[in-house]
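Enquirer: Before we start, here is the structure in question, set down as structure tokens.
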Amino acid sequence: MRRLEWRVRHSTRSLLEGGYRSAFRGKGMEFEQVVRYEFGDDVRDIDWNVTARKGEPYRKKFVEERELSLLLLVEDSPSLCFGSQGKTKRETVLEAACFFGLLSADNRDRTAILHVYPGGYVLYPPMRHRRGILRSLLQLMTSRSPDLWPLPEPEIPWKVVHSALSRGGVLVWLGDFAGETKPLDWVGLRSRFELVGVRIEDPWERRLPDMGLVDVFDPTSGEFLSLNTSSRAVRRLQEEWAREREKRWKELFPAPRSRCVLSTGGHISSELAQFLLARMREMNVA
């Protein structure tokens with residue numbers, strides 16, 4: 001955890017003083033009432049209809065959330081137990097979750113973690129103190145991967161998501177999205193929260209290497225298989241699967257700034273820092 005924290009600090013020097021909040025909306029804004037405009041108020045909040053009716057300037061008053069509410073949804077599916085680069089997708093997704101958690105701890109955000117795995121889930125309740133967030137992250141990092149197969153796909157308890165995250169908060173959904181379908185209440189989730197998807201993939205999933213006949217382990221079924229990577233039919237099936245996954249991925253997160261793809265062979269902290277910086281620039285332009 002200390003080594004990971006050092007990498008996060010090294011990769012996000014320009015973000016750790018709260019600037020990363022600009023990568024998100026950062027606060028929920030709910031209309032409360034109309035009040036008389038006073039010198040120094042934001043002119044963008046002026047209600048021109050009321051101003052015209054009253055003959056003097058009035059502005060809209062909003063209720064603000066002073067803290068950033070963050071929920072890390074870690075979907076720990078069996079397919080994460082694969083990796084061709086010396087590191088599994090599960091190790092990568094946990095490192096990415098800890099990146100967000102450590103960053104939010106330094107900014108004293110209200111942070112919760114929902115760890116969903118085959119057969120159940122664990123909710124680490126919202127914490128706003130650094131010590132509590134680090135304790136939750138350590139428990140997440142030391143959680144055991146599945147060791148019995150076959151396993152069912154994890155079922156995300158969306159009701160828990162709604163109860164654990166306040167309106168206007170940020171939901172960071174981390175997983176490999178290998179066969180993900182759009183949740184029934186996806187429109188409601190998008191209207192209530194700011195959604196960010198972080199997909200973990202292995203280079204072999206993007207392009208299958210031509211290695212001839214290889215013995216592989218299927219983590220979703222627990223079986224050992226012989227795979228002919230030189231077969232045109234096998235390679236065509238893999239390419240079709242990759243295209244279909246990409247299609248579903250973009251349907252879930254249409255805006256480029258709402259989705260991030262990480263590779264098991266990449267530098268996770270640096271890539272996530274660049275992702276946040278790109279979001280900040282795009283949102284400032286918008």
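Starting from 1 in every chain, residues are counted up; chains themselves are A, B, ... following the order of the structure tokens, and ligands are numbered from 1 as listed.
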Check region 22-265 of chain A with DSSP on the backbone and list each residue it calls helix (DSSP H, G or I), as an NGL selection string.

Expert: :A and (22-23 or 43-45 or 48-54 or 78-80 or 89-106 or 130-141 or 158-164 or 186-192 or 203-206 or 232-252 or 256-258)

Enquirer: Compile the contact shell of Val35 (chain A) as a list of chain:residue names: residues with an atom at most 7 Å away, counting only C-alpha atoms, same-chain residues fewer than 3 positions apart removed.

Expert: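 Selected residues are A:Tyr58, A:Arg59, A:Lys60, A:Lys61.
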
Enquirer: Could you please take those selected residues and save N, CA and C atoms as a short mmCIF file (atom, residue, chain, number, x, y, z; two decimals), in the first residue's frame?

Expert:
```cif
data_model
loop_
_atom_site.label_atom_id
_atom_site.label_comp_id
_atom_site.auth_asym_id
_atom_site.auth_seq_id
_atom_site.Cartn_x
_atom_site.Cartn_y
_atom_site.Cartn_z
N TYR A 58 -32.55 39.47 -9.65
CA TYR A 58 -32.69 38.35 -8.72
C TYR A 58 -31.88 37.18 -9.28
N ARG A 59 -31.42 36.35 -8.39
CA ARG A 59 -30.63 35.18 -8.81
C ARG A 59 -31.19 33.92 -8.18
N LYS A 60 -30.81 32.80 -8.80
CA LYS A 60 -31.19 31.50 -8.25
C LYS A 60 -30.21 31.09 -7.17
N LYS A 61 -30.74 30.60 -6.07
CA LYS A 61 -29.90 30.12 -4.97
C LYS A 61 -29.92 28.59 -4.98
#
```

Enquirer: Pick out the residues sitting within 7 Å of Gly212 (chain A), and hand them over as a PyMOL selection string; count only C-alpha atoms, and ignore anything fewer than 4 positions along from it in its own chain.

Expert: chain A and resi 228-230

Enquirer: With distances taken over only C-alpha atoms, which residue among A:Glu5, A:Asp202, A:Glu239, A:Glu153 lies nearest Gly101 (chain A)?

Expert: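 Comparing A:Glu5, A:Asp202, A:Glu239, A:Glu153 against Gly101 (chain A), the winner is A:Glu5.
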
Enquirer: Using only C-alpha atoms, which residue out of A:Arg131, A:His115, A:Lys247, A:Arg279 lies closest to Arg144 (chain A)?

Expert: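 So, comparing all the options, the nearest one is A:His115.
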
Enquirer: Could you jot down the CA of Arg248 (chain A) to CA of Ala178 (chain A) separation for me, Å, one decimal place?

Expert: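 Going from CA of Arg248 (chain A) over to CA of Ala178 (chain A), I get 9.3 Å.
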
Enquirer: How far is it from CA of Cys98 (chain A) to CA of Gly119 (chain A), in Å with one decimal?

Expert: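 Here the two named atoms are 23.0 Å from each other.
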
Enquirer: From the list A:Asp76, A:Gly188, A:Ser166, A:Asp215, which residue is nearest Pro152 (chain A) when using only C-alpha atoms?

Expert: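 Among A:Asp76, A:Gly188, A:Ser166, A:Asp215, it is A:Asp76 that comes nearest to Pro152 (chain A).
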
Enquirer: Compare A:Leu174, A:Met280, A:Met127, A:Val116 by their minimum atom-to-atom distance to Glu155 (chain A), counting only C-alpha atoms, and give me the closest one.

Expert: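 Comparing A:Leu174, A:Met280, A:Met127, A:Val116 against Glu155 (chain A), the winner is A:Val116.
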
Enquirer: Would you pick out the contacts of region 206-211 of chain A at 12 Å or less, using only C-alpha atoms, so that residues sharing its chain but fewer than 4 positions from it are not included, and give the list as a VMD selection string?

Expert: chain A and resid 84 178 200 to 202 215 to 216 226 to 232 234 to 246 261 to 264

Enquirer: Please, could you write that set of residues out with C-alpha atoms as a compact mmCIF listing (two decimals), in the first residue's frame?

Expert:
```txt
# COMPACT_ATOMS: atom_id res chain seq x y z
CA SER A 84 -0.45 -12.42 -19.99
CA ALA A 178 -16.28 -8.66 -20.74
CA ILE A 200 -9.25 -3.37 -17.54
CA GLU A 201 -8.06 -5.39 -20.50
CA ASP A 202 -5.15 -7.61 -21.42
CA ASP A 215 -2.66 -24.74 -23.36
CA VAL A 216 -4.72 -22.12 -21.54
CA SER A 226 -5.95 -26.33 -25.98
CA LEU A 227 -6.27 -23.21 -28.12
CA ASN A 228 -5.01 -22.99 -31.69
CA THR A 229 -4.05 -19.31 -31.92
CA SER A 230 -3.06 -19.76 -35.58
CA SER A 231 -6.55 -20.85 -36.62
CA ARG A 232 -8.36 -18.26 -38.73
CA VAL A 234 -10.40 -18.85 -33.68
CA ARG A 235 -8.89 -15.47 -34.48
CA ARG A 236 -12.07 -14.34 -36.24
CA LEU A 237 -14.19 -15.30 -33.22
CA GLN A 238 -11.85 -13.40 -30.92
CA GLU A 239 -12.01 -10.30 -33.14
CA GLU A 240 -15.82 -10.45 -33.23
CA TRP A 241 -15.92 -10.72 -29.44
CA ALA A 242 -13.61 -7.70 -29.10
CA ARG A 243 -15.77 -5.61 -31.44
CA GLU A 244 -18.95 -6.57 -29.60
CA ARG A 245 -17.36 -5.71 -26.24
CA GLU A 246 -16.27 -2.31 -27.59
CA VAL A 261 -9.29 1.72 -20.72
CA LEU A 262 -6.26 0.38 -18.83
CA SER A 263 -3.95 -2.45 -19.88
CA THR A 264 -2.34 -5.03 -17.61
```

Enquirer: Write out as a compact mmCIF listing (two decimals) with all heavy atoms, in the first residue's frame each polymer residue whose atoms come within 12 Å of Ser191 (chain A), counting only C-alpha atoms; drop sequence neighbours fewer than 6 positions from it.

Expert:
```
# COMPACT_ATOMS: atom_id res chain seq x y z
N GLY A 28 -23.08 18.39 -5.85
CA GLY A 28 -24.45 18.36 -6.32
C GLY A 28 -25.06 19.74 -6.19
O GLY A 28 -24.91 20.39 -5.17
N HIS A 162 -27.52 3.15 -4.89
CA HIS A 162 -28.34 4.34 -4.65
C HIS A 162 -28.28 4.78 -3.20
O HIS A 162 -28.27 5.98 -2.91
CB HIS A 162 -29.78 4.05 -5.06
CG HIS A 162 -30.04 4.15 -6.52
ND1 HIS A 162 -30.24 5.35 -7.17
CD2 HIS A 162 -30.11 3.19 -7.49
CE1 HIS A 162 -30.44 5.14 -8.46
NE2 HIS A 162 -30.37 3.84 -8.69
N ARG A 167 -26.96 12.04 -4.13
CA ARG A 167 -27.27 12.60 -5.45
C ARG A 167 -26.19 13.60 -5.86
O ARG A 167 -25.75 14.43 -5.07
CB ARG A 167 -28.63 13.28 -5.43
CG ARG A 167 -29.09 13.75 -6.80
CD ARG A 167 -30.46 14.41 -6.71
NE ARG A 167 -30.95 14.75 -8.03
CZ ARG A 167 -31.63 13.95 -8.81
NH1 ARG A 167 -31.93 12.72 -8.41
NH2 ARG A 167 -32.05 14.32 -10.00
N GLY A 168 -25.76 13.52 -7.12
CA GLY A 168 -24.70 14.39 -7.60
C GLY A 168 -23.31 13.84 -7.37
O GLY A 168 -22.33 14.45 -7.77
N GLY A 169 -23.22 12.67 -6.72
CA GLY A 169 -21.92 12.07 -6.46
C GLY A 169 -21.33 11.41 -7.69
O GLY A 169 -21.97 11.33 -8.76
N VAL A 170 -20.12 10.90 -7.54
CA VAL A 170 -19.39 10.30 -8.65
C VAL A 170 -19.33 8.79 -8.44
O VAL A 170 -18.87 8.31 -7.39
CB VAL A 170 -17.96 10.87 -8.75
CG1 VAL A 170 -17.20 10.23 -9.91
CG2 VAL A 170 -18.00 12.39 -8.91
N LEU A 171 -19.79 8.04 -9.42
CA LEU A 171 -19.73 6.59 -9.40
C LEU A 171 -18.65 6.14 -10.37
O LEU A 171 -18.76 6.36 -11.58
CB LEU A 171 -21.08 5.98 -9.80
CG LEU A 171 -21.12 4.46 -10.01
CD1 LEU A 171 -20.74 3.73 -8.72
CD2 LEU A 171 -22.49 4.02 -10.51
N ASP A 185 -31.89 0.34 -14.90
CA ASP A 185 -32.07 1.71 -14.42
C ASP A 185 -30.91 2.60 -14.83
O ASP A 185 -30.54 3.53 -14.11
CB ASP A 185 -32.23 1.70 -12.89
CG ASP A 185 -32.68 3.06 -12.36
OD1 ASP A 185 -33.38 3.78 -13.10
OD2 ASP A 185 -32.32 3.41 -11.22
```

Enquirer: Quick one: residues within 12 Å of Lys250 (chain A), only C-alpha atoms counted, chain neighbours fewer than 6 positions away excluded, as a ChimeraX atom specification?

Expert: /A:177,180-182,196-199,243-244,256-261

Enquirer: Using CA of Leu114 (chain A) and CA of Leu72 (chain A) as the two end points, give the distance in Å to one decimal.

Expert: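 Those two atoms sit 6.1 Å apart.
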
Enquirer: Leaving out Gly83 (chain A) and any residue of its chain fewer than 2 positions from it, which residues lie within 10 Å of it when counting only C-alpha atoms, given as a ChimeraX atom specification?

Expert: /A:79-81,85-92,201-205,263-265

Enquirer: What would the file look like if the residues just selected were written as a short mmCIF file (atom, residue, chain, number, x, y, z; two decimals), in the first residue's frame with all heavy atoms?

Expert:
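That gives us out08.cif:
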```cif
data_model
loop_
_atom_site.label_atom_id
_atom_site.label_comp_id
_atom_site.auth_asym_id
_atom_site.auth_seq_id
_atom_site.Cartn_x
_atom_site.Cartn_y
_atom_site.Cartn_z
N SER A 79 -13.48 -13.56 -14.78
CA SER A 79 -12.63 -13.31 -15.95
C SER A 79 -11.46 -12.39 -15.63
O SER A 79 -10.54 -12.27 -16.44
CB SER A 79 -13.47 -12.71 -17.08
OG SER A 79 -14.15 -11.55 -16.65
N LEU A 80 -11.47 -11.75 -14.46
CA LEU A 80 -10.33 -10.91 -14.06
C LEU A 80 -9.10 -11.73 -13.70
O LEU A 80 -8.00 -11.19 -13.61
CB LEU A 80 -10.71 -10.02 -12.88
CG LEU A 80 -11.67 -8.86 -13.15
CD1 LEU A 80 -12.03 -8.17 -11.83
CD2 LEU A 80 -11.08 -7.86 -14.12
N CYS A 81 -9.27 -13.03 -13.50
CA CYS A 81 -8.15 -13.88 -13.08
C CYS A 81 -7.28 -14.29 -14.27
O CYS A 81 -6.74 -15.40 -14.30
CB CYS A 81 -8.67 -15.12 -12.35
SG CYS A 81 -9.57 -14.76 -10.84
N GLN A 85 0.77 -10.54 -19.00
CA GLN A 85 1.90 -9.63 -18.88
C GLN A 85 2.57 -9.70 -17.50
O GLN A 85 3.20 -8.74 -17.07
CB GLN A 85 1.42 -8.20 -19.14
CG GLN A 85 0.69 -8.01 -20.45
CD GLN A 85 1.56 -8.31 -21.64
OE1 GLN A 85 2.65 -7.77 -21.78
NE2 GLN A 85 1.08 -9.21 -22.51
N GLY A 86 2.40 -10.82 -16.81
CA GLY A 86 2.99 -10.94 -15.48
C GLY A 86 2.11 -10.37 -14.39
O GLY A 86 2.49 -10.40 -13.21
N LYS A 87 0.95 -9.85 -14.74
CA LYS A 87 0.01 -9.28 -13.77
C LYS A 87 -1.40 -9.57 -14.26
O LYS A 87 -1.71 -9.39 -15.44
CB LYS A 87 0.24 -7.78 -13.63
CG LYS A 87 -0.65 -7.11 -12.60
CD LYS A 87 -0.17 -5.70 -12.27
CE LYS A 87 -0.19 -4.80 -13.47
NZ LYS A 87 0.14 -3.39 -13.10
N THR A 88 -2.27 -10.02 -13.37
CA THR A 88 -3.63 -10.34 -13.77
C THR A 88 -4.47 -9.07 -13.88
O THR A 88 -4.11 -8.01 -13.35
CB THR A 88 -4.30 -11.29 -12.77
OG1 THR A 88 -4.45 -10.62 -11.51
CG2 THR A 88 -3.49 -12.56 -12.59
N LYS A 89 -5.60 -9.21 -14.53
CA LYS A 89 -6.53 -8.09 -14.61
C LYS A 89 -7.07 -7.74 -13.23
O LYS A 89 -7.38 -6.58 -12.96
CB LYS A 89 -7.67 -8.42 -15.58
CG LYS A 89 -7.23 -8.53 -17.03
CD LYS A 89 -8.43 -8.56 -17.97
CE LYS A 89 -9.23 -9.84 -17.81
NZ LYS A 89 -10.39 -9.89 -18.74
N ARG A 90 -7.18 -8.74 -12.37
CA ARG A 90 -7.68 -8.47 -11.01
C ARG A 90 -6.70 -7.59 -10.24
O ARG A 90 -7.10 -6.65 -9.55
CB ARG A 90 -7.90 -9.78 -10.26
CG ARG A 90 -8.57 -9.59 -8.90
CD ARG A 90 -8.88 -10.92 -8.22
NE ARG A 90 -9.75 -10.72 -7.08
CZ ARG A 90 -9.31 -10.46 -5.86
NH1 ARG A 90 -8.00 -10.37 -5.62
NH2 ARG A 90 -10.16 -10.28 -4.87
N GLU A 91 -5.42 -7.89 -10.33
CA GLU A 91 -4.42 -7.05 -9.68
C GLU A 91 -4.48 -5.62 -10.22
O GLU A 91 -4.34 -4.64 -9.47
CB GLU A 91 -3.02 -7.63 -9.88
CG GLU A 91 -2.79 -8.94 -9.16
CD GLU A 91 -1.47 -9.59 -9.54
OE1 GLU A 91 -1.20 -9.70 -10.76
OE2 GLU A 91 -0.72 -9.97 -8.64
N THR A 92 -4.71 -5.50 -11.51
CA THR A 92 -4.76 -4.18 -12.14
C THR A 92 -5.98 -3.40 -11.71
O THR A 92 -5.90 -2.20 -11.43
CB THR A 92 -4.75 -4.34 -13.68
OG1 THR A 92 -3.63 -5.13 -14.08
CG2 THR A 92 -4.67 -2.98 -14.36
N GLU A 201 -8.18 -4.39 -19.46
CA GLU A 201 -8.06 -5.39 -20.50
C GLU A 201 -6.62 -5.87 -20.61
O GLU A 201 -5.68 -5.19 -20.16
CB GLU A 201 -8.53 -4.84 -21.84
CG GLU A 201 -7.65 -3.76 -22.43
CD GLU A 201 -8.13 -3.32 -23.81
OE1 GLU A 201 -9.30 -3.58 -24.14
OE2 GLU A 201 -7.32 -2.74 -24.55
N ASP A 202 -6.47 -7.03 -21.17
CA ASP A 202 -5.15 -7.61 -21.42
C ASP A 202 -4.84 -7.47 -22.91
O ASP A 202 -5.75 -7.54 -23.75
CB ASP A 202 -5.15 -9.09 -21.01
CG ASP A 202 -3.76 -9.69 -21.04
OD1 ASP A 202 -3.07 -9.63 -20.01
OD2 ASP A 202 -3.36 -10.22 -22.10
N PRO A 203 -3.56 -7.26 -23.27
CA PRO A 203 -3.22 -7.14 -24.70
C PRO A 203 -3.70 -8.32 -25.53
O PRO A 203 -4.02 -8.15 -26.72
CB PRO A 203 -1.69 -7.04 -24.68
CG PRO A 203 -1.37 -6.43 -23.36
CD PRO A 203 -2.40 -6.98 -22.42
N TRP A 204 -3.75 -9.52 -24.96
CA TRP A 204 -4.23 -10.68 -25.71
C TRP A 204 -5.70 -10.54 -26.08
O TRP A 204 -6.15 -11.15 -27.05
CB TRP A 204 -4.03 -11.95 -24.89
CG TRP A 204 -2.62 -12.47 -24.91
CD1 TRP A 204 -1.49 -11.74 -25.11
CD2 TRP A 204 -2.22 -13.82 -24.75
NE1 TRP A 204 -0.39 -12.54 -25.05
CE2 TRP A 204 -0.80 -13.84 -24.83
CE3 TRP A 204 -2.89 -15.02 -24.52
CZ2 TRP A 204 -0.06 -15.01 -24.69
CZ3 TRP A 204 -2.15 -16.18 -24.38
CH2 TRP A 204 -0.75 -16.18 -24.48
N GLU A 205 -6.46 -9.77 -25.30
CA GLU A 205 -7.88 -9.58 -25.60
C GLU A 205 -8.06 -8.63 -26.78
O GLU A 205 -9.03 -8.75 -27.53
CB GLU A 205 -8.60 -9.04 -24.37
CG GLU A 205 -8.64 -10.01 -23.22
CD GLU A 205 -9.28 -9.42 -21.99
OE1 GLU A 205 -9.10 -8.22 -21.75
OE2 GLU A 205 -9.97 -10.16 -21.27
N SER A 263 -4.51 -1.17 -19.48
CA SER A 263 -3.95 -2.45 -19.88
C SER A 263 -3.13 -3.04 -18.73
O SER A 263 -2.51 -2.31 -17.96
CB SER A 263 -3.06 -2.29 -21.12
OG SER A 263 -2.38 -3.49 -21.41
N THR A 264 -3.14 -4.36 -18.65
CA THR A 264 -2.34 -5.03 -17.61
C THR A 264 -0.85 -4.78 -17.80
O THR A 264 -0.07 -4.95 -16.87
CB THR A 264 -2.60 -6.54 -17.63
OG1 THR A 264 -2.37 -7.05 -18.96
CG2 THR A 264 -4.03 -6.85 -17.22
N GLY A 265 -0.46 -4.37 -18.99
CA GLY A 265 0.96 -4.11 -19.25
C GLY A 265 1.34 -2.65 -19.12
O GLY A 265 2.47 -2.29 -19.43
#
```

Enquirer: Among region 24-224 of chain A, which residues does DSSP mark as strand (DSSP E or B) when it is run on the backbone? Keep the chain and numbering as in the structure and answer as a ChimeraX atom specification.

Expert: /A:29-36,46,58-64,69-75,110-117,120-127,170-175,194-201,213-218,223-224

Enquirer: Once you count only C-alpha atoms, what closest atom pair and distance in Å to one decimal does each residue of region 16-118 of chain A within 9 Å of region 132-139 of chain A have, with rows by chain and rising residue number, as a Markdown table?

Expert:
```
| residue | atom | partner | partner_atom | distance |
| --- | --- | --- | --- | --- |
| A:Leu94 | CA | A:Leu137 | CA | 8.9 |
| A:Ala97 | CA | A:Leu137 | CA | 8.2 |
| A:Cys98 | CA | A:Leu137 | CA | 6.2 |
| A:Gly101 | CA | A:Ile133 | CA | 6.9 |
| A:Leu102 | CA | A:Leu134 | CA | 7.2 |
| A:Ser104 | CA | A:Ile133 | CA | 8.5 |
| A:Ala105 | CA | A:Ile133 | CA | 6.2 |
| A:Arg110 | CA | A:Ile133 | CA | 8.9 |
| A:Thr111 | CA | A:Ile133 | CA | 6.9 |
| A:Ala112 | CA | A:Ile133 | CA | 7.9 |
| A:Ile113 | CA | A:Ser136 | CA | 7.5 |
```

Enquirer: Could the residues in this selection be written to a file with all heavy atoms, as a PDB file, in the first residue's frame?

Expert:
```
ATOM      1  N   LEU A  94      -7.670  -3.714  -8.923  1.00  0.00           N
ATOM      2  CA  LEU A  94      -7.510  -3.325  -7.522  1.00  0.00           C
ATOM      3  C   LEU A  94      -6.554  -2.143  -7.392  1.00  0.00           C
ATOM      4  O   LEU A  94      -6.773  -1.235  -6.584  1.00  0.00           O
ATOM      5  CB  LEU A  94      -7.010  -4.506  -6.688  1.00  0.00           C
ATOM      6  CG  LEU A  94      -7.980  -5.679  -6.524  1.00  0.00           C
ATOM      7  CD1 LEU A  94      -7.343  -6.779  -5.674  1.00  0.00           C
ATOM      8  CD2 LEU A  94      -9.291  -5.217  -5.894  1.00  0.00           C
ATOM      9  N   ALA A  97      -8.491   0.938  -8.421  1.00  0.00           N
ATOM     10  CA  ALA A  97      -9.409   1.358  -7.365  1.00  0.00           C
ATOM     11  C   ALA A  97      -8.657   2.078  -6.246  1.00  0.00           C
ATOM     12  O   ALA A  97      -9.125   3.100  -5.719  1.00  0.00           O
ATOM     13  CB  ALA A  97     -10.159   0.153  -6.811  1.00  0.00           C
ATOM     14  N   CYS A  98      -7.486   1.569  -5.911  1.00  0.00           N
ATOM     15  CA  CYS A  98      -6.691   2.199  -4.855  1.00  0.00           C
ATOM     16  C   CYS A  98      -6.177   3.566  -5.293  1.00  0.00           C
ATOM     17  O   CYS A  98      -6.017   4.467  -4.466  1.00  0.00           O
ATOM     18  CB  CYS A  98      -5.531   1.294  -4.448  1.00  0.00           C
ATOM     19  SG  CYS A  98      -6.045  -0.102  -3.432  1.00  0.00           S
ATOM     20  N   GLY A 101      -8.995   5.797  -4.585  1.00  0.00           N
ATOM     21  CA  GLY A 101      -9.181   5.881  -3.145  1.00  0.00           C
ATOM     22  C   GLY A 101      -8.116   6.732  -2.462  1.00  0.00           C
ATOM     23  O   GLY A 101      -8.430   7.555  -1.592  1.00  0.00           O
ATOM     24  N   LEU A 102      -6.856   6.550  -2.859  1.00  0.00           N
ATOM     25  CA  LEU A 102      -5.770   7.337  -2.267  1.00  0.00           C
ATOM     26  C   LEU A 102      -5.892   8.807  -2.632  1.00  0.00           C
ATOM     27  O   LEU A 102      -5.638   9.693  -1.810  1.00  0.00           O
ATOM     28  CB  LEU A 102      -4.422   6.787  -2.733  1.00  0.00           C
ATOM     29  CG  LEU A 102      -4.031   5.419  -2.175  1.00  0.00           C
ATOM     30  CD1 LEU A 102      -2.823   4.858  -2.923  1.00  0.00           C
ATOM     31  CD2 LEU A 102      -3.716   5.519  -0.687  1.00  0.00           C
ATOM     32  N   SER A 104      -8.686  10.411  -3.327  1.00  0.00           N
ATOM     33  CA  SER A 104      -9.815  10.973  -2.586  1.00  0.00           C
ATOM     34  C   SER A 104      -9.475  11.133  -1.103  1.00  0.00           C
ATOM     35  O   SER A 104      -9.941  12.075  -0.450  1.00  0.00           O
ATOM     36  CB  SER A 104     -11.052  10.087  -2.744  1.00  0.00           C
ATOM     37  OG  SER A 104     -10.850   8.816  -2.149  1.00  0.00           O
ATOM     38  N   ALA A 105      -8.643  10.235  -0.567  1.00  0.00           N
ATOM     39  CA  ALA A 105      -8.236  10.357   0.840  1.00  0.00           C
ATOM     40  C   ALA A 105      -7.422  11.622   1.062  1.00  0.00           C
ATOM     41  O   ALA A 105      -7.583  12.313   2.072  1.00  0.00           O
ATOM     42  CB  ALA A 105      -7.436   9.125   1.266  1.00  0.00           C
ATOM     43  N   ARG A 110     -15.736  12.180   0.656  1.00  0.00           N
ATOM     44  CA  ARG A 110     -16.566  11.155   1.291  1.00  0.00           C
ATOM     45  C   ARG A 110     -16.582   9.955   0.358  1.00  0.00           C
ATOM     46  O   ARG A 110     -17.238   9.968  -0.670  1.00  0.00           O
ATOM     47  CB  ARG A 110     -17.973  11.697   1.526  1.00  0.00           C
ATOM     48  CG  ARG A 110     -18.879  10.803   2.362  1.00  0.00           C
ATOM     49  CD  ARG A 110     -20.157  11.569   2.700  1.00  0.00           C
ATOM     50  NE  ARG A 110     -21.032  10.766   3.533  1.00  0.00           N
ATOM     51  CZ  ARG A 110     -21.988   9.987   3.078  1.00  0.00           C
ATOM     52  NH1 ARG A 110     -22.182   9.893   1.758  1.00  0.00           N
ATOM     53  NH2 ARG A 110     -22.759   9.291   3.887  1.00  0.00           N
ATOM     54  N   THR A 111     -15.846   8.905   0.718  1.00  0.00           N
ATOM     55  CA  THR A 111     -15.566   7.799  -0.197  1.00  0.00           C
ATOM     56  C   THR A 111     -16.092   6.483   0.351  1.00  0.00           C
ATOM     57  O   THR A 111     -15.829   6.126   1.506  1.00  0.00           O
ATOM     58  CB  THR A 111     -14.053   7.681  -0.446  1.00  0.00           C
ATOM     59  OG1 THR A 111     -13.562   8.941  -0.910  1.00  0.00           O
ATOM     60  CG2 THR A 111     -13.753   6.602  -1.466  1.00  0.00           C
ATOM     61  N   ALA A 112     -16.829   5.761  -0.496  1.00  0.00           N
ATOM     62  CA  ALA A 112     -17.310   4.419  -0.163  1.00  0.00           C
ATOM     63  C   ALA A 112     -16.809   3.451  -1.230  1.00  0.00           C
ATOM     64  O   ALA A 112     -16.488   3.852  -2.355  1.00  0.00           O
ATOM     65  CB  ALA A 112     -18.833   4.386  -0.088  1.00  0.00           C
ATOM     66  N   ILE A 113     -16.730   2.184  -0.876  1.00  0.00           N
ATOM     67  CA  ILE A 113     -16.280   1.145  -1.801  1.00  0.00           C
ATOM     68  C   ILE A 113     -17.295   0.002  -1.783  1.00  0.00           C
ATOM     69  O   ILE A 113     -17.647  -0.496  -0.707  1.00  0.00           O
ATOM     70  CB  ILE A 113     -14.887   0.601  -1.416  1.00  0.00           C
ATOM     71  CG1 ILE A 113     -13.864   1.730  -1.359  1.00  0.00           C
ATOM     72  CG2 ILE A 113     -14.433  -0.473  -2.401  1.00  0.00           C
ATOM     73  CD1 ILE A 113     -12.515   1.297  -0.814  1.00  0.00           C
TER      74      ILE A 113
END
```
